[in-house]
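Source file: query00.tsv. Holds: TSV, C-alpha atoms and all ligand atoms.
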chain	number	residue	atom	x	y	z
G	1	MET	CA	-7.80	-26.64	-2.58
G	2	ALA	CA	-4.11	-27.44	-3.00
G	3	GLU	CA	-2.63	-29.86	-0.48
G	4	LEU	CA	1.02	-30.81	-0.23
G	5	ALA	CA	2.72	-32.67	2.59
G	6	LEU	CA	5.49	-30.43	3.87
G	7	PHE	CA	7.64	-33.26	5.09
G	8	LYS	CA	7.37	-35.59	2.12
G	9	SER	CA	9.79	-35.40	-0.71
G	10	THR	CA	8.16	-33.57	-3.61
G	11	THR	CA	9.19	-31.92	-6.86
G	12	ALA	CA	8.88	-28.55	-8.51
G	13	ALA	CA	6.51	-30.14	-11.05
G	14	ALA	CA	4.24	-31.49	-8.27
G	15	ILE	CA	4.18	-28.09	-6.59
G	16	ARG	CA	3.29	-26.44	-9.87
G	17	ALA	CA	0.53	-28.95	-10.57
G	18	ALA	CA	-0.99	-28.32	-7.13
G	19	THR	CA	-0.83	-24.53	-7.40
G	20	PRO	CA	-4.17	-22.77	-7.98
G	21	PRO	CA	-4.37	-21.41	-11.56
G	22	GLN	CA	-4.78	-17.86	-10.23
G	23	LEU	CA	-1.30	-18.11	-8.71
G	24	ALA	CA	0.35	-20.16	-11.46
G	25	LYS	CA	0.95	-17.05	-13.60
G	26	HIS	CA	3.68	-16.04	-11.13
G	27	PHE	CA	5.80	-19.00	-12.26
G	28	SER	CA	6.65	-17.01	-15.38
G	29	CYS	CA	7.05	-13.62	-13.66
G	30	LYS	CA	9.76	-11.34	-15.04
G	31	ARG	CA	8.86	-8.22	-13.13
G	32	CYS	CA	12.29	-7.75	-11.60
G	33	SER	CA	15.84	-8.57	-12.65
G	34	LEU	CA	16.04	-11.63	-10.38
G	35	HIS	CA	14.34	-13.60	-13.15
G	36	ASN	CA	17.62	-13.46	-15.09
G	37	THR	CA	19.50	-15.72	-12.68
G	38	ARG	CA	16.79	-18.02	-11.40
G	39	ARG	CA	16.05	-21.59	-12.35
G	40	TYR	CA	12.72	-21.75	-10.53
G	41	VAL	CA	10.26	-19.26	-9.13
G	42	VAL	CA	9.90	-20.66	-5.61
G	43	LEU	CA	6.30	-19.73	-5.01
G	44	GLY	CA	5.73	-21.82	-1.88
G	45	GLU	CA	4.81	-25.23	-0.57
G	46	GLY	CA	2.11	-26.58	1.71
G	47	SER	CA	-1.65	-26.27	2.04
G	48	LEU	CA	-3.78	-23.48	0.60
G	49	PRO	CA	-5.65	-22.19	2.51
G	50	CYS	CA	-3.58	-22.70	5.62
G	51	ASP	CA	-3.68	-22.14	9.37
G	52	VAL	CA	-0.11	-20.87	9.66
G	53	LEU	CA	1.85	-19.09	6.93
G	54	PHE	CA	5.67	-18.96	7.15
G	55	VAL	CA	7.47	-16.20	5.23
G	56	GLY	CA	11.26	-16.27	4.83
G	57	GLU	CA	13.65	-13.92	3.03
G	58	GLY	CA	14.19	-15.61	-0.33
G	59	PRO	CA	15.13	-18.89	-2.02
G	60	THR	CA	18.58	-20.32	-1.32
G	61	ARG	CA	20.83	-21.86	-3.96
G	62	ALA	CA	19.35	-25.28	-3.07
G	63	ASP	CA	15.78	-23.97	-3.34
G	64	ASN	CA	16.56	-22.51	-6.74
G	65	LEU	CA	17.64	-25.96	-7.94
G	66	THR	CA	14.68	-27.85	-6.45
G	67	GLY	CA	11.87	-25.29	-6.76
G	68	ARG	CA	10.97	-26.00	-3.10
G	69	PRO	CA	11.21	-23.44	-0.29
G	70	PHE	CA	13.44	-24.29	2.68
G	71	SER	CA	14.87	-27.34	0.92
G	72	GLY	CA	18.57	-26.86	1.81
G	73	SER	CA	20.42	-27.45	5.07
G	74	SER	CA	19.07	-24.30	6.78
G	75	GLY	CA	15.57	-25.09	5.50
G	76	ARG	CA	15.79	-28.51	7.10
G	77	VAL	CA	16.24	-26.71	10.44
G	78	LEU	CA	12.86	-25.04	9.94
G	79	ARG	CA	11.13	-28.26	8.88
G	80	GLU	CA	12.64	-30.07	11.86
G	81	ALA	CA	11.57	-27.28	14.24
G	82	ILE	CA	8.01	-27.35	12.88
G	83	ASP	CA	7.94	-31.12	13.26
G	84	ASP	CA	9.26	-30.91	16.85
G	85	ALA	CA	6.75	-28.20	17.79
G	86	LEU	CA	3.84	-30.17	16.26
G	87	LYS	CA	4.85	-33.28	18.23
G	88	ARG	CA	4.99	-31.28	21.45
G	89	VAL	CA	1.38	-30.14	20.98
G	90	ASP	CA	0.36	-33.60	19.80
G	91	ARG	CA	-0.67	-32.52	16.33
G	92	THR	CA	0.35	-33.54	12.86
G	93	ASN	CA	0.92	-31.64	9.67
G	94	GLY	CA	-2.52	-31.98	8.12
G	95	GLN	CA	-4.42	-31.39	11.39
G	96	LEU	CA	-2.72	-28.04	11.24
G	97	ARG	CA	-2.31	-26.74	7.72
G	98	LEU	CA	0.93	-24.96	6.96
G	99	TYR	CA	2.33	-23.07	4.01
G	100	MET	CA	5.85	-21.74	3.42
G	101	THR	CA	6.82	-18.93	1.10
G	102	TYR	CA	9.31	-16.07	0.73
G	103	VAL	CA	9.38	-12.28	0.53
G	104	VAL	CA	10.96	-12.63	-2.93
G	105	ALA	CA	10.24	-15.76	-4.95
G	106	CYS	CA	13.46	-15.82	-7.01
G	107	ARG	CA	16.94	-16.34	-5.55
G	108	PRO	CA	18.43	-12.94	-4.69
G	109	CYS	CA	21.90	-12.84	-6.23
G	110	ASP	CA	23.84	-10.82	-8.81
G	111	SER	CA	24.92	-13.73	-10.97
G	112	LYS	CA	24.29	-17.47	-11.10
G	113	ARG	CA	27.73	-18.14	-9.62
G	114	GLU	CA	27.50	-15.71	-6.73
G	115	ASN	CA	26.13	-16.40	-3.28
G	116	ASN	CA	22.84	-15.03	-2.06
G	117	ARG	CA	22.60	-11.41	-1.05
G	118	GLU	CA	19.77	-9.56	0.66
G	119	PRO	CA	17.01	-8.65	-1.78
G	120	SER	CA	16.97	-4.93	-2.57
G	121	ALA	CA	14.11	-2.71	-1.45
G	122	ARG	CA	13.02	-2.47	-5.06
G	123	GLU	CA	12.97	-6.27	-5.54
G	124	VAL	CA	11.00	-6.67	-2.31
G	125	ARG	CA	8.49	-4.02	-3.41
G	126	THR	CA	8.12	-5.58	-6.84
G	127	CYS	CA	7.44	-9.04	-5.42
G	128	LEU	CA	4.99	-7.88	-2.72
G	129	GLY	CA	2.05	-8.16	-5.14
G	130	ARG	CA	2.87	-11.86	-5.62
G	131	LEU	CA	3.24	-12.37	-1.84
G	132	ASN	CA	-0.08	-10.62	-1.26
G	133	ALA	CA	-1.76	-12.88	-3.85
G	134	VAL	CA	-0.35	-15.96	-2.06
G	135	ALA	CA	-1.54	-14.56	1.28
G	136	GLN	CA	-5.06	-14.04	-0.10
G	137	PHE	CA	-5.22	-17.73	-0.97
G	138	ALA	CA	-3.51	-18.80	2.24
G	139	SER	CA	-5.88	-16.73	4.40
G	140	PRO	CA	-3.96	-17.78	7.54
G	141	GLN	CA	-4.87	-17.42	11.20
G	142	HIS	CA	-1.22	-16.75	11.99
G	143	VAL	CA	1.79	-15.54	10.05
G	144	VAL	CA	5.39	-16.23	11.07
G	145	LEU	CA	8.03	-13.88	9.64
G	146	LEU	CA	11.49	-15.44	9.53
G	147	GLY	CA	14.48	-13.11	9.67
G	148	LYS	CA	15.02	-9.36	9.52
G	149	VAL	CA	14.15	-8.84	5.84
G	150	ALA	CA	10.76	-10.50	6.35
G	151	HIS	CA	10.26	-8.58	9.62
G	152	ALA	CA	11.06	-5.24	8.01
G	153	SER	CA	9.15	-5.67	4.77
G	154	CYS	CA	6.01	-7.56	5.75
G	155	LEU	CA	4.66	-6.00	8.94
G	156	ASP	CA	2.31	-3.70	6.97
G	157	LEU	CA	0.98	-6.70	5.11
G	158	PHE	CA	0.76	-8.92	8.20
G	159	PRO	CA	0.29	-6.74	11.29
G	160	GLY	CA	0.63	-8.80	14.45
G	161	ALA	CA	2.73	-11.51	12.80
G	162	LEU	CA	5.10	-13.53	14.98
G	163	LYS	CA	8.72	-12.56	14.31
G	164	LEU	CA	11.26	-15.37	14.60
G	165	TYR	CA	14.88	-16.03	13.62
G	166	ASP	CA	15.87	-16.79	10.06
G	167	PRO	CA	16.47	-20.60	9.95
G	168	ASN	CA	19.84	-19.89	8.34
G	169	TYR	CA	20.90	-18.04	11.51
G	170	ILE	CA	19.86	-21.02	13.68
G	171	HIS	CA	21.76	-23.31	11.32
G	172	ARG	CA	24.89	-21.20	11.82
G	173	GLN	CA	24.44	-21.37	15.61
G	174	GLY	CA	24.58	-25.19	15.50
G	175	GLY	CA	21.04	-26.12	14.37
G	176	ALA	CA	18.98	-28.43	16.54
G	177	GLY	CA	21.58	-28.48	19.34
G	178	SER	CA	21.51	-24.70	19.86
G	179	CYS	CA	19.64	-22.56	22.42
G	180	GLU	CA	18.26	-20.53	19.51
G	181	TYR	CA	16.67	-23.68	18.07
G	182	GLN	CA	15.05	-24.55	21.41
G	183	ARG	CA	13.67	-21.01	21.75
G	184	PHE	CA	12.38	-21.17	18.18
G	185	VAL	CA	10.58	-24.48	18.81
G	186	ARG	CA	9.04	-23.15	22.06
G	187	GLU	CA	7.66	-20.11	20.23
G	188	LEU	CA	6.18	-22.32	17.50
G	189	GLN	CA	4.79	-24.68	20.11
G	190	ASP	CA	2.92	-21.78	21.79
G	191	LEU	CA	1.64	-20.59	18.42
G	192	PHE	CA	0.45	-24.06	17.38
G	193	LYS	CA	-1.21	-24.61	20.75
G	194	GLY	CA	-3.32	-21.49	20.20
G	195	THR	CA	-4.20	-22.31	16.58
G	196	LYS	CA	-7.53	-23.89	15.84
G	197	HIS	CA	-8.04	-25.90	12.70
G	198	ARG	CA	-10.74	-24.12	10.72
G	199	LYS	CA	-12.41	-25.44	7.62
G	200	VAL	CA	-12.52	-22.21	5.70
G	201	LEU	CA	-10.41	-19.30	6.71
G	202	ARG	CA	-11.21	-15.81	5.64
G	203	ARG	CA	-9.37	-12.81	6.95
G	204	ARG	CA	-8.96	-9.42	5.44
G	205	ILE	CA	-5.44	-8.85	4.27
G	206	ARG	CA	-4.51	-5.45	3.01
G	207	ARG	CA	-4.12	-5.37	-0.74
G	208	ILE	CA	-0.86	-4.09	-2.15
G	209	LYS	CA	-0.65	-3.22	-5.80
G	301	LIG	S1	11.46	-12.04	-7.46
G	301	LIG	FE1	9.24	-11.85	-7.59
G	301	LIG	S2	8.89	-10.00	-8.85
G	301	LIG	FE2	11.04	-10.66	-9.19
G	301	LIG	S3	10.92	-11.95	-11.03
G	301	LIG	FE3	10.78	-13.32	-9.22
G	301	LIG	S4	8.57	-13.59	-8.87
G	301	LIG	FE4	8.83	-11.81	-10.22
Encoded form (structure tokens):
Amino acid sequence: MAELALFKSTTAAAIRAATPPQLAKHFSCKRCSLHNTRRYVVLGEGSLPCDVLFVGEGPTRADNLTGRPFSGSSGRVLREAIDDALKRVDRTNGQLRLYMTYVVACRPCDSKRENNREPSAREVRTCLGRLNAVAQFASPQHVVLLGKVAHASCLDLFPGALKLYDPNYIHRQGGAGSCEYQRFVRELQDLFKGTKHRKVLRRRIRRIK
């Protein structure tokens, strides 16, 4: 079982070393054109299996340089919100196992210099097999979909998932001082309160080829 502390500083190499061999093949994936501009495949970070799986849109420029999901300024908003929500329900990361990943695992952009764009429908479809493989290992009790791309592309894979704001949107609204942040933390708090730590989690997740 892979275990990584979400709030400790870690490296792409440590994430890779902790990734189950069955998932490690995705680090060299070239199934869509996003492989041309990436530095790292940002597969995910956290505990496998997990109690709660977070799925965002795609790696940011910062994530692409570190190999860690949600490692830039907007990602820090998510990590801070998770930390706040855990404190409010008197639990720690570890008592509740969490994993973060993305709809597409390589930074969606047209060239290395350009800013992120939304991943295309084709890129999302191509990467869904990798997301499904991660989800099989994660076997979560709850899934949180972050932002409209994740909402639109993952509901078939995760019916009943909680839909929340993209952390980048909260960051643009002022981060931890904003109403959106407070709402986000309250929703996570409710989710965490209703999540039991289970030793082995097995749930059927629809396979996507
Ligand atoms: S985005 Fe997904 S499908 Fe495309 S190259 Fe990266 S890992 Fe492979």
Using all atoms listed in the file, determine which residues fall within 12 Å of ligand LIG 301 (chain G), then list them as a PyMOL selection string. chain G and resi 23-44+57-59+64+101-109+118-134
Using Å and a single decimal, report how far atom CA of Pro20 of chain G sits from atom CA of Gly67 of chain G. 16.3 Å
As lines of an AutoDock Vina configuration file: centre and edge lengths in Å, one decimal, of the axis-aligned box holding segment 130-136 of chain G with 3 Å per side:
center_x = -0.9
center_y = -13.3
center_z = -2.2
size_x = 14.3
size_y = 11.3
size_z = 12.9
Rounded to one decimal place, report the atom CA of Arg61 of chain G-atom CA of Asn115 of chain G distance in Å. 7.6 Å
What does the distance from atom CA of Lys112 of chain G to atom CA of Leu65 of chain G come to in Å, to one decimal?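 Going from atom CA of Lys112 of chain G over to atom CA of Leu65 of chain G covers 11.2 Å.
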Residues within 9 Å of segment 68-79 of chain G, please, as a PyMOL selection string. Count all atoms listed in the file; anything in the same chain fewer than 4 positions from it doesn't count. chain G and resi 6-7+10-12+15+40+42-45+56+58-64+83-84+100-102+166-172+175-176+181
Env of segment 145-149 of chain G: 7 Å cut, atoms = only C-alpha atoms, seq-sep filter 3 positions within chain, self excluded. Answer as a PyMOL selection string. chain G and resi 54-57+152-153+161-166
Do a neighbour search on Arg88 of chain G at 12 Å with all atoms listed in the file, toss out local chain neighbours closer than 5 positions, and write the hits as an NGL selection string. :G and (81-83 or 185-193)
Go ahead and write the selection's residues with C-alpha atoms as a PDB file, in the frame of the given file.
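What follows is the written file out33.pdb:
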ATOM      1  CA  ALA G  81      11.570 -27.280  14.240  1.00  0.00           C
ATOM      2  CA  ILE G  82       8.010 -27.350  12.880  1.00  0.00           C
ATOM      3  CA  ASP G  83       7.940 -31.120  13.260  1.00  0.00           C
ATOM      4  CA  VAL G 185      10.580 -24.480  18.810  1.00  0.00           C
ATOM      5  CA  ARG G 186       9.040 -23.150  22.060  1.00  0.00           C
ATOM      6  CA  GLU G 187       7.660 -20.110  20.230  1.00  0.00           C
ATOM      7  CA  LEU G 188       6.180 -22.320  17.500  1.00  0.00           C
ATOM      8  CA  GLN G 189       4.790 -24.680  20.110  1.00  0.00           C
ATOM      9  CA  ASP G 190       2.920 -21.780  21.790  1.00  0.00           C
ATOM     10  CA  LEU G 191       1.640 -20.590  18.420  1.00  0.00           C
ATOM     11  CA  PHE G 192       0.450 -24.060  17.380  1.00  0.00           C
ATOM     12  CA  LYS G 193      -1.210 -24.610  20.750  1.00  0.00           C
TER      13      LYS G 193
END
Counting only C-alpha atoms, figure out which residue out of G:Pro21, G:Pro140, G:Gly194, G:Pro159 gets nearest to Leu53 of chain G. G:Pro140
